[in-house]
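In what follows, a single structure is set out as structure tokens and then discussed.
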Amino acid sequence: MSPQTLSEKIWEQHLVRQQTGQPDLLYIDMHLVHEVTSPQAFESLRIAGRTVRRPDLTFSTVDHNIPTIGRELPNPDPTSQKQIDTLRDNCNQFGIPFYDMFDLRQGIVHIIGPEQGMTQPGMVIVCGDSHTSTHGAFGALAFGIGTSEVEHVLATQSLMQARPKTMSVEVNGTLGVGVTAKDVILAIIRKIGVDGGIGHVIEYRGDVIRALSMEGRMTMCNMSIEAGARAGLIAPDQTTFDYVKGRPYAPQGEDWEKAVAYWKTLPTDESATFDKYVELDGNTIEPHVTWGTTPAQSVPVSGMVPDPDEAVSPSARETAARSLVYMGLTAGTKIQDITINRVFLGSCTNSRIEDLRAAAKVVQGKRVASTVSAMVVPGSGLIKQQAEREGLDQIFKDAGFEWRDAGCSMCLGMNPDILLPGERCASTSNRNFEGRQGAGGRTHLVSPEMAAAAAIAGHFVDIRDIVGK
Amino acid sequence: MEPVHNIVGNAIPLNRADVDTDQIMPKQFLKRIERSGFGPFTFYDWKKDPDFVTNQPQYYGAPIMLAQQNFGCGSSREHAPWGLEDMGVKSIIAPSFGDIFRNNCAKIGLLCVVLPQSDVDYLMARAEELPAGQIVVSLESQTVSVAGTEWQRHFDIDPFVRQCLMNGLDDIGLTMQYDDDIAIFEESRSPLLPLTLKNEASAKA
Ligand code: SF4
């Protein structure tokens, strides 16, 4: 057989049917469902008299619009409550396992799949959510779909998909102290642009990627969609196996050995080729801060807000100028002179235990600036519990952070956690789009360490000045 | 899904790049469990500006939208195409689209047409100058033309997507015809793969 890349192998192994003039029919190993993109799919399934083909390959939780505080009280928003109730009813009707709001295992869907061991190498995973790419960190092919496709998967456990192109993004060298996976992915998006990955599956490769923890790999794959990519993935290795082992849904005993033997066959063959190649030098990547309203609009923390007139094309110039107006920034302002009034530590990008540990280390024994209000929203109930066992909650609370229940929260502000117009936030999430965290709110994307340091200082600071000493 | 053949009418010139689906349909409207009625919420925040293009009466109800590169990037929310559809948009012309958005549009019968930047710029300028100017998007002949002129361009489209759009095909129905293939595939799947239901019992135990 001709040499293949990781994503091509997974694709091939999931082909139910191939016919000229039609997209490939791909089998779906795991379908994750949440409250926001599923109600219309279930409804239309009912109208058509169809059923869920494989509830045992489907899994559901509430994360997008649930409150992160006062959950025992009536939901302040009846529309949100109705959406949550609708998901519960749908799961009951169709026999789909569901982690409800008070289940300790509830959390952001892309956090709990890996946490439970449901996400494993070689699988095809979909969810009605663009950050499904997160699961690619395990060497799975995972991508976001819309509600019509959710319905398609519910009914048939398969999807018609055009075969994506492949892109290799290689990051070699070693990351400096204070430089994280978040900075690497922001640097990549800055380099290839928010549309650089359209139609492609990105495979992240190189020394820097191999040295990352699973948490870091998930952060990177999570943001593949911010470069426009269909999916992002990383070849499974010992780091992957160690993370999966012993989790509730992981293979056990003899099965474990068999599974690992199979997973080891997945990495891209040496002589396989990609449609596109991108390379970055990990040694030179600095902590990044976004200044605009697309995730590609970022600069190293040592830099300043760029001048739109220096943009490469007229349309980039116009976009940059618009972004600056929205963000209330002037070209030439030093990033470290930008003051903030909100900090959000959370989202499927950066709310895993490692992220909370790293941020807690920065805030330990310090106080959040009086001008800042800061919150931590762990990615799952289990992460919250683990953090509390380690005393991280106390560190955050002592410093003046709010300590919340798990959910998407201010990543998209569907629940009451939002920015007010004009508020400026250092956020560990993945999207700085206009109004994403609240109409008129201004978002700067950063790593958990950088967000924590900004909370203390009241403005952006170079984390290397703190951890490097 | 209604079959799509030819779309004739004026075009809304939305001259912006990287328009994400958060702008097309802000989050507060995603709480609705209904499938229809999203039109009034489309571009909700941008529409607060009276000068915003969809506020201009001359573009009300236009069946075509012109946009710049990477239109519909970001969130997978199908509520964005639902909103555009509800506004009366039947076709969007841009130099490129977000992948998920483009898929979502195809599923509901909204025709996404990719044309080179220079052609989009030409149409954009024309729609700004002549708001009532008629454009013809023909899925049959895979062309975009400007009514009353010689200007015509060919566009490429996935033949399967074209066929589904032209016949108003429900691709779930189509896939269900391959039930046997799916069942055969299922028999060959590795028993090591996770099952949410079987393991749910043991995970709790
Ligand atoms: S945390 Fe944010 S990006 Fe992740 S699934 Fe929730 S809303 Fe989407």
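Ligands are numbered from 1 in the order shown, chains are lettered A, B, ... in the order of the structure tokens, and residues start at 1 in each chain.
Residues of protein or nucleic acid lying within 7 Å of ligand 1, counting only C-alpha atoms and all ligand atoms, are A:Asp63, A:His64, A:Ile108, A:Val109, A:His110, A:Asp129, A:His131, A:Ser347, A:Cys348, A:Thr349, A:Gly407, A:Cys408, A:Cys411, A:Leu412, A:Ser429, A:Asn430.
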Preceding selection exported with N, CA, C and O atoms as a PDB file, in the first residue's frame:
ATOM      1  N   ASP A  63     -23.483  22.074  28.384  1.00  0.00           N
ATOM      2  CA  ASP A  63     -22.319  22.899  28.688  1.00  0.00           C
ATOM      3  C   ASP A  63     -22.457  24.345  28.214  1.00  0.00           C
ATOM      4  O   ASP A  63     -22.071  25.274  28.917  1.00  0.00           O
ATOM      5  N   HIS A  64     -23.058  24.561  27.052  1.00  0.00           N
ATOM      6  CA  HIS A  64     -22.999  25.893  26.448  1.00  0.00           C
ATOM      7  C   HIS A  64     -23.765  26.974  27.210  1.00  0.00           C
ATOM      8  O   HIS A  64     -23.296  28.088  27.308  1.00  0.00           O
ATOM      9  N   ILE A 108     -17.500  20.716  29.786  1.00  0.00           N
ATOM     10  CA  ILE A 108     -17.469  21.071  28.367  1.00  0.00           C
ATOM     11  C   ILE A 108     -17.231  19.785  27.576  1.00  0.00           C
ATOM     12  O   ILE A 108     -16.330  19.002  27.895  1.00  0.00           O
ATOM     13  N   VAL A 109     -18.045  19.607  26.572  1.00  0.00           N
ATOM     14  CA  VAL A 109     -18.069  18.341  25.842  1.00  0.00           C
ATOM     15  C   VAL A 109     -16.668  17.900  25.360  1.00  0.00           C
ATOM     16  O   VAL A 109     -16.321  16.722  25.435  1.00  0.00           O
ATOM     17  N   HIS A 110     -15.843  18.858  24.938  1.00  0.00           N
ATOM     18  CA  HIS A 110     -14.509  18.485  24.427  1.00  0.00           C
ATOM     19  C   HIS A 110     -13.504  18.228  25.541  1.00  0.00           C
ATOM     20  O   HIS A 110     -12.397  17.782  25.301  1.00  0.00           O
ATOM     21  N   ASP A 129     -20.250  21.189  16.868  1.00  0.00           N
ATOM     22  CA  ASP A 129     -19.461  22.236  17.500  1.00  0.00           C
ATOM     23  C   ASP A 129     -18.107  22.296  16.813  1.00  0.00           C
ATOM     24  O   ASP A 129     -17.448  21.274  16.645  1.00  0.00           O
ATOM     25  N   HIS A 131     -15.217  23.257  17.682  1.00  0.00           N
ATOM     26  CA  HIS A 131     -13.988  22.916  18.411  1.00  0.00           C
ATOM     27  C   HIS A 131     -13.827  21.425  18.685  1.00  0.00           C
ATOM     28  O   HIS A 131     -12.998  21.012  19.495  1.00  0.00           O
ATOM     29  N   SER A 347     -12.811  27.678  29.248  1.00  0.00           N
ATOM     30  CA  SER A 347     -13.084  27.211  27.880  1.00  0.00           C
ATOM     31  C   SER A 347     -12.391  25.896  27.553  1.00  0.00           C
ATOM     32  O   SER A 347     -11.448  25.481  28.225  1.00  0.00           O
ATOM     33  N   CYS A 348     -12.851  25.279  26.459  1.00  0.00           N
ATOM     34  CA  CYS A 348     -12.291  24.001  26.034  1.00  0.00           C
ATOM     35  C   CYS A 348     -10.849  24.147  25.543  1.00  0.00           C
ATOM     36  O   CYS A 348     -10.172  23.154  25.314  1.00  0.00           O
ATOM     37  N   THR A 349     -10.381  25.375  25.403  1.00  0.00           N
ATOM     38  CA  THR A 349      -8.987  25.576  25.002  1.00  0.00           C
ATOM     39  C   THR A 349      -8.049  25.437  26.202  1.00  0.00           C
ATOM     40  O   THR A 349      -7.003  24.796  26.107  1.00  0.00           O
ATOM     41  N   GLY A 407     -18.476  24.736  32.717  1.00  0.00           N
ATOM     42  CA  GLY A 407     -19.296  25.024  31.538  1.00  0.00           C
ATOM     43  C   GLY A 407     -18.540  25.933  30.589  1.00  0.00           C
ATOM     44  O   GLY A 407     -17.396  26.307  30.849  1.00  0.00           O
ATOM     45  N   CYS A 408     -19.197  26.302  29.494  1.00  0.00           N
ATOM     46  CA  CYS A 408     -18.556  27.163  28.490  1.00  0.00           C
ATOM     47  C   CYS A 408     -18.451  28.601  28.979  1.00  0.00           C
ATOM     48  O   CYS A 408     -17.520  29.328  28.628  1.00  0.00           O
ATOM     49  N   CYS A 411     -16.740  32.007  27.482  1.00  0.00           N
ATOM     50  CA  CYS A 411     -16.134  31.771  26.173  1.00  0.00           C
ATOM     51  C   CYS A 411     -17.066  32.278  25.091  1.00  0.00           C
ATOM     52  O   CYS A 411     -16.629  32.830  24.085  1.00  0.00           O
ATOM     53  N   LEU A 412     -18.377  32.062  25.298  1.00  0.00           N
ATOM     54  CA  LEU A 412     -19.330  32.585  24.311  1.00  0.00           C
ATOM     55  C   LEU A 412     -20.469  33.348  24.944  1.00  0.00           C
ATOM     56  O   LEU A 412     -21.304  33.907  24.238  1.00  0.00           O
ATOM     57  N   SER A 429      -9.734  31.727  26.231  1.00  0.00           N
ATOM     58  CA  SER A 429     -10.581  31.026  25.262  1.00  0.00           C
ATOM     59  C   SER A 429      -9.986  31.110  23.859  1.00  0.00           C
ATOM     60  O   SER A 429      -8.805  31.411  23.695  1.00  0.00           O
ATOM     61  N   ASN A 430     -10.811  30.875  22.840  1.00  0.00           N
ATOM     62  CA  ASN A 430     -10.273  30.706  21.492  1.00  0.00           C
ATOM     63  C   ASN A 430     -10.759  31.723  20.467  1.00  0.00           C
ATOM     64  O   ASN A 430     -10.293  31.726  19.334  1.00  0.00           O
TER      65      ASN A 430
END
Range 1-51 of chain B: residues DSSP assigns to strand (DSSP E), reported as an MDAnalysis selection string: chainID B and resid 6:9 11:14
Filtering to all heavy atoms, could you give me those residues as a compact mmCIF listing (two decimals), in the first residue's frame?
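In the end it all went to again-v5.txt:
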# COMPACT_ATOMS: atom_id res chain seq x y z
N ASN B 6 -32.26 28.33 -10.78
CA ASN B 6 -31.69 29.63 -11.08
C ASN B 6 -32.16 30.65 -10.05
O ASN B 6 -33.31 30.63 -9.64
CB ASN B 6 -32.14 30.10 -12.47
CG ASN B 6 -31.62 29.15 -13.53
OD1 ASN B 6 -30.52 28.62 -13.40
ND2 ASN B 6 -32.43 28.92 -14.54
N ILE B 7 -31.24 31.51 -9.67
CA ILE B 7 -31.60 32.55 -8.71
C ILE B 7 -31.38 33.88 -9.41
O ILE B 7 -30.28 34.17 -9.90
CB ILE B 7 -30.73 32.44 -7.45
CG1 ILE B 7 -31.03 31.09 -6.77
CG2 ILE B 7 -30.99 33.59 -6.50
CD1 ILE B 7 -29.89 30.52 -6.03
N VAL B 8 -32.43 34.67 -9.48
CA VAL B 8 -32.35 35.95 -10.19
C VAL B 8 -32.79 37.06 -9.27
O VAL B 8 -33.83 36.95 -8.62
CB VAL B 8 -33.29 35.94 -11.44
CG1 VAL B 8 -33.10 37.22 -12.25
CG2 VAL B 8 -33.04 34.71 -12.29
N GLY B 9 -31.99 38.10 -9.19
CA GLY B 9 -32.40 39.23 -8.37
C GLY B 9 -31.23 40.12 -8.04
O GLY B 9 -30.12 39.93 -8.56
N ALA B 11 -28.42 42.02 -5.37
CA ALA B 11 -27.47 41.44 -4.41
C ALA B 11 -27.13 42.43 -3.31
O ALA B 11 -27.01 43.64 -3.54
CB ALA B 11 -26.20 41.02 -5.15
N ILE B 12 -26.95 41.88 -2.10
CA ILE B 12 -26.55 42.69 -0.95
C ILE B 12 -25.02 42.70 -0.89
O ILE B 12 -24.41 41.64 -0.71
CB ILE B 12 -27.08 42.06 0.37
CG1 ILE B 12 -28.58 41.76 0.27
CG2 ILE B 12 -26.73 42.93 1.56
CD1 ILE B 12 -29.12 40.87 1.37
N PRO B 13 -24.38 43.86 -1.04
CA PRO B 13 -22.92 43.89 -1.01
C PRO B 13 -22.38 44.00 0.42
O PRO B 13 -22.31 45.08 0.97
CB PRO B 13 -22.58 45.14 -1.83
CG PRO B 13 -23.77 46.04 -1.67
CD PRO B 13 -24.96 45.19 -1.30
N LEU B 14 -22.01 42.88 1.01
CA LEU B 14 -21.45 42.89 2.36
C LEU B 14 -19.92 42.84 2.20
O LEU B 14 -19.32 41.78 2.16
CB LEU B 14 -21.96 41.69 3.17
CG LEU B 14 -21.43 41.59 4.59
CD1 LEU B 14 -21.80 42.80 5.42
CD2 LEU B 14 -21.93 40.33 5.26
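Of the residues under consideration (A:Lys366, A:Arg342, A:Lys264, A:Arg50), A:Arg50 shows the shortest atom-to-atom contact distance to chain B when counting only C-alpha atoms.
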Counting only C-alpha atoms, chain B residues within 7 Å of chain A, as a ChimeraX atom specification: /B:17,22,27-28,30-35,70,73-78,98-100,104,107,159-160,172,176,181-182,185,192,194-197,199,203
Helix (DSSP H, G or I) residues, from DSSP on the backbone, in range 10-202 of chain B, as a PyMOL selection string: chain B and resi 21-24+27-29+39-41+46-48+53-55+57-59+79-87+99-108+117-129+159-167+171-176+179-188+196-202
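For the set A:Ile189, A:Ile335, A:Leu6, A:Ile466, the residue with the smallest atom-to-atom gap to Ala140 in chain A is A:Leu6, counting only C-alpha atoms.
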Spatial neighbours of Gly346 in chain A, 12 Å, only C-alpha atoms, chain gap at least 6 places, as a PyMOL selection string: chain A and resi 68+107-108+111+219+352-356+359+374-380+383-384+402-413+417+426-430+445-448+451-452
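Atom pair CA of Pro308 in chain A / CA of Lys191 in chain A has a distance of 16.6 Å (rounded to one decimal).
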Excluding Arg217 in chain A and its own-chain neighbours fewer than 2 positions away, which residues fall within 10 Å of it when counting only C-alpha atoms? Please give them as a PDB file with N, CA, C and O atoms, in the first residue's frame.
ATOM      1  N   THR A 134     -10.515  19.499  18.933  1.00  0.00           N
ATOM      2  CA  THR A 134      -9.755  19.232  20.160  1.00  0.00           C
ATOM      3  C   THR A 134      -9.329  17.768  20.281  1.00  0.00           C
ATOM      4  O   THR A 134      -8.209  17.448  20.683  1.00  0.00           O
ATOM      5  N   HIS A 135     -10.270  16.873  19.935  1.00  0.00           N
ATOM      6  CA  HIS A 135     -10.037  15.434  20.118  1.00  0.00           C
ATOM      7  C   HIS A 135      -8.922  14.905  19.209  1.00  0.00           C
ATOM      8  O   HIS A 135      -8.430  13.804  19.407  1.00  0.00           O
ATOM      9  N   GLY A 136      -8.563  15.711  18.207  1.00  0.00           N
ATOM     10  CA  GLY A 136      -7.472  15.333  17.314  1.00  0.00           C
ATOM     11  C   GLY A 136      -6.150  15.166  18.043  1.00  0.00           C
ATOM     12  O   GLY A 136      -5.231  14.504  17.541  1.00  0.00           O
ATOM     13  N   ALA A 137      -6.034  15.729  19.235  1.00  0.00           N
ATOM     14  CA  ALA A 137      -4.809  15.618  20.029  1.00  0.00           C
ATOM     15  C   ALA A 137      -4.444  14.160  20.291  1.00  0.00           C
ATOM     16  O   ALA A 137      -3.290  13.835  20.563  1.00  0.00           O
ATOM     17  N   PHE A 138      -5.457  13.274  20.208  1.00  0.00           N
ATOM     18  CA  PHE A 138      -5.230  11.851  20.490  1.00  0.00           C
ATOM     19  C   PHE A 138      -4.930  11.048  19.233  1.00  0.00           C
ATOM     20  O   PHE A 138      -4.843   9.827  19.286  1.00  0.00           O
ATOM     21  N   ALA A 181       1.627  25.981  24.741  1.00  0.00           N
ATOM     22  CA  ALA A 181       0.944  25.472  23.542  1.00  0.00           C
ATOM     23  C   ALA A 181       0.047  26.555  22.940  1.00  0.00           C
ATOM     24  O   ALA A 181      -0.096  26.664  21.726  1.00  0.00           O
ATOM     25  N   LYS A 182      -0.566  27.357  23.806  1.00  0.00           N
ATOM     26  CA  LYS A 182      -1.454  28.420  23.318  1.00  0.00           C
ATOM     27  C   LYS A 182      -0.685  29.401  22.443  1.00  0.00           C
ATOM     28  O   LYS A 182      -1.178  29.854  21.399  1.00  0.00           O
ATOM     29  N   ILE A 185       0.067  27.821  19.002  1.00  0.00           N
ATOM     30  CA  ILE A 185      -1.056  27.804  18.052  1.00  0.00           C
ATOM     31  C   ILE A 185      -1.398  29.224  17.601  1.00  0.00           C
ATOM     32  O   ILE A 185      -1.721  29.456  16.431  1.00  0.00           O
ATOM     33  N   TYR A 204      -0.065  18.380  13.246  1.00  0.00           N
ATOM     34  CA  TYR A 204       0.996  19.102  13.931  1.00  0.00           C
ATOM     35  C   TYR A 204       2.118  18.122  14.228  1.00  0.00           C
ATOM     36  O   TYR A 204       1.882  17.047  14.780  1.00  0.00           O
ATOM     37  N   ILE A 209       5.944  19.655  19.382  1.00  0.00           N
ATOM     38  CA  ILE A 209       4.664  18.963  19.567  1.00  0.00           C
ATOM     39  C   ILE A 209       4.876  17.675  20.376  1.00  0.00           C
ATOM     40  O   ILE A 209       4.107  17.353  21.282  1.00  0.00           O
ATOM     41  N   ARG A 210       5.946  16.955  20.038  1.00  0.00           N
ATOM     42  CA  ARG A 210       6.244  15.701  20.752  1.00  0.00           C
ATOM     43  C   ARG A 210       6.480  15.953  22.231  1.00  0.00           C
ATOM     44  O   ARG A 210       6.172  15.121  23.074  1.00  0.00           O
ATOM     45  N   ALA A 211       7.028  17.121  22.550  1.00  0.00           N
ATOM     46  CA  ALA A 211       7.344  17.420  23.947  1.00  0.00           C
ATOM     47  C   ALA A 211       6.134  17.930  24.728  1.00  0.00           C
ATOM     48  O   ALA A 211       6.182  18.041  25.950  1.00  0.00           O
ATOM     49  N   LEU A 212       5.043  18.230  24.038  1.00  0.00           N
ATOM     50  CA  LEU A 212       3.868  18.769  24.735  1.00  0.00           C
ATOM     51  C   LEU A 212       3.118  17.680  25.490  1.00  0.00           C
ATOM     52  O   LEU A 212       3.051  16.534  25.054  1.00  0.00           O
ATOM     53  N   SER A 213       2.481  18.078  26.599  1.00  0.00           N
ATOM     54  CA  SER A 213       1.580  17.185  27.329  1.00  0.00           C
ATOM     55  C   SER A 213       0.301  17.013  26.507  1.00  0.00           C
ATOM     56  O   SER A 213       0.070  17.748  25.543  1.00  0.00           O
ATOM     57  N   MET A 214      -0.567  16.104  26.922  1.00  0.00           N
ATOM     58  CA  MET A 214      -1.853  15.951  26.231  1.00  0.00           C
ATOM     59  C   MET A 214      -2.687  17.223  26.361  1.00  0.00           C
ATOM     60  O   MET A 214      -3.389  17.611  25.434  1.00  0.00           O
ATOM     61  N   GLU A 215      -2.605  17.869  27.518  1.00  0.00           N
ATOM     62  CA  GLU A 215      -3.347  19.124  27.700  1.00  0.00           C
ATOM     63  C   GLU A 215      -2.913  20.146  26.658  1.00  0.00           C
ATOM     64  O   GLU A 215      -3.734  20.791  26.014  1.00  0.00           O
ATOM     65  N   THR A 219      -4.986  21.876  23.507  1.00  0.00           N
ATOM     66  CA  THR A 219      -5.074  23.328  23.288  1.00  0.00           C
ATOM     67  C   THR A 219      -4.768  23.647  21.822  1.00  0.00           C
ATOM     68  O   THR A 219      -5.457  24.447  21.183  1.00  0.00           O
ATOM     69  N   MET A 220      -3.747  23.009  21.290  1.00  0.00           N
ATOM     70  CA  MET A 220      -3.362  23.292  19.907  1.00  0.00           C
ATOM     71  C   MET A 220      -4.421  22.811  18.920  1.00  0.00           C
ATOM     72  O   MET A 220      -4.867  23.555  18.054  1.00  0.00           O
ATOM     73  N   CYS A 221      -4.817  21.542  19.043  1.00  0.00           N
ATOM     74  CA  CYS A 221      -5.794  20.997  18.088  1.00  0.00           C
ATOM     75  C   CYS A 221      -7.114  21.747  18.187  1.00  0.00           C
ATOM     76  O   CYS A 221      -7.787  21.972  17.183  1.00  0.00           O
ATOM     77  N   ASN A 222      -7.469  22.143  19.393  1.00  0.00           N
ATOM     78  CA  ASN A 222      -8.694  22.905  19.631  1.00  0.00           C
ATOM     79  C   ASN A 222      -8.815  24.087  18.688  1.00  0.00           C
ATOM     80  O   ASN A 222      -9.870  24.356  18.122  1.00  0.00           O
ATOM     81  N   LEU A 233      -4.764  17.297  13.978  1.00  0.00           N
ATOM     82  CA  LEU A 233      -4.456  16.114  14.776  1.00  0.00           C
ATOM     83  C   LEU A 233      -2.955  15.934  14.988  1.00  0.00           C
ATOM     84  O   LEU A 233      -2.130  16.618  14.361  1.00  0.00           O
ATOM     85  N   ILE A 234      -2.671  15.040  15.924  1.00  0.00           N
ATOM     86  CA  ILE A 234      -1.289  14.783  16.337  1.00  0.00           C
ATOM     87  C   ILE A 234      -1.138  13.273  16.473  1.00  0.00           C
ATOM     88  O   ILE A 234      -2.018  12.602  17.041  1.00  0.00           O
ATOM     89  N   THR A 240       0.317   9.942  24.758  1.00  0.00           N
ATOM     90  CA  THR A 240      -1.108   9.700  24.520  1.00  0.00           C
ATOM     91  C   THR A 240      -1.572   8.469  25.296  1.00  0.00           C
ATOM     92  O   THR A 240      -2.592   8.498  25.991  1.00  0.00           O
ATOM     93  N   THR A 349     -10.381  25.375  25.403  1.00  0.00           N
ATOM     94  CA  THR A 349      -8.987  25.576  25.002  1.00  0.00           C
ATOM     95  C   THR A 349      -8.049  25.437  26.202  1.00  0.00           C
ATOM     96  O   THR A 349      -7.003  24.796  26.107  1.00  0.00           O
TER      97      THR A 349
END
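Remark: for Phe41 in chain B, the closest of the candidate residues B:Ala62, B:Met124, B:Cys164, B:Met87 is B:Met87 (distances computed over only C-alpha atoms).
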For Ala67 in chain B: contacts at 10 Å, only C-alpha atoms, fewer than 6 positions along chain excluded, given as a PyMOL selection string: chain B and resi 12-19+92-97+120-121+123-124
Which residue of B:Glu186, B:Asp45, B:Asp51, B:Glu85 approaches Ile64 in chain B most closely, using only C-alpha atoms: B:Glu85
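Reported to one decimal place, the separation of CA of Arg53 in chain A from CA of Tyr178 in chain B is 13.3 Å.
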Straight-line distance linking CA of Thr174 in chain A with CA of Asp207 in chain A, stated in Å to one decimal: 7.2 Å
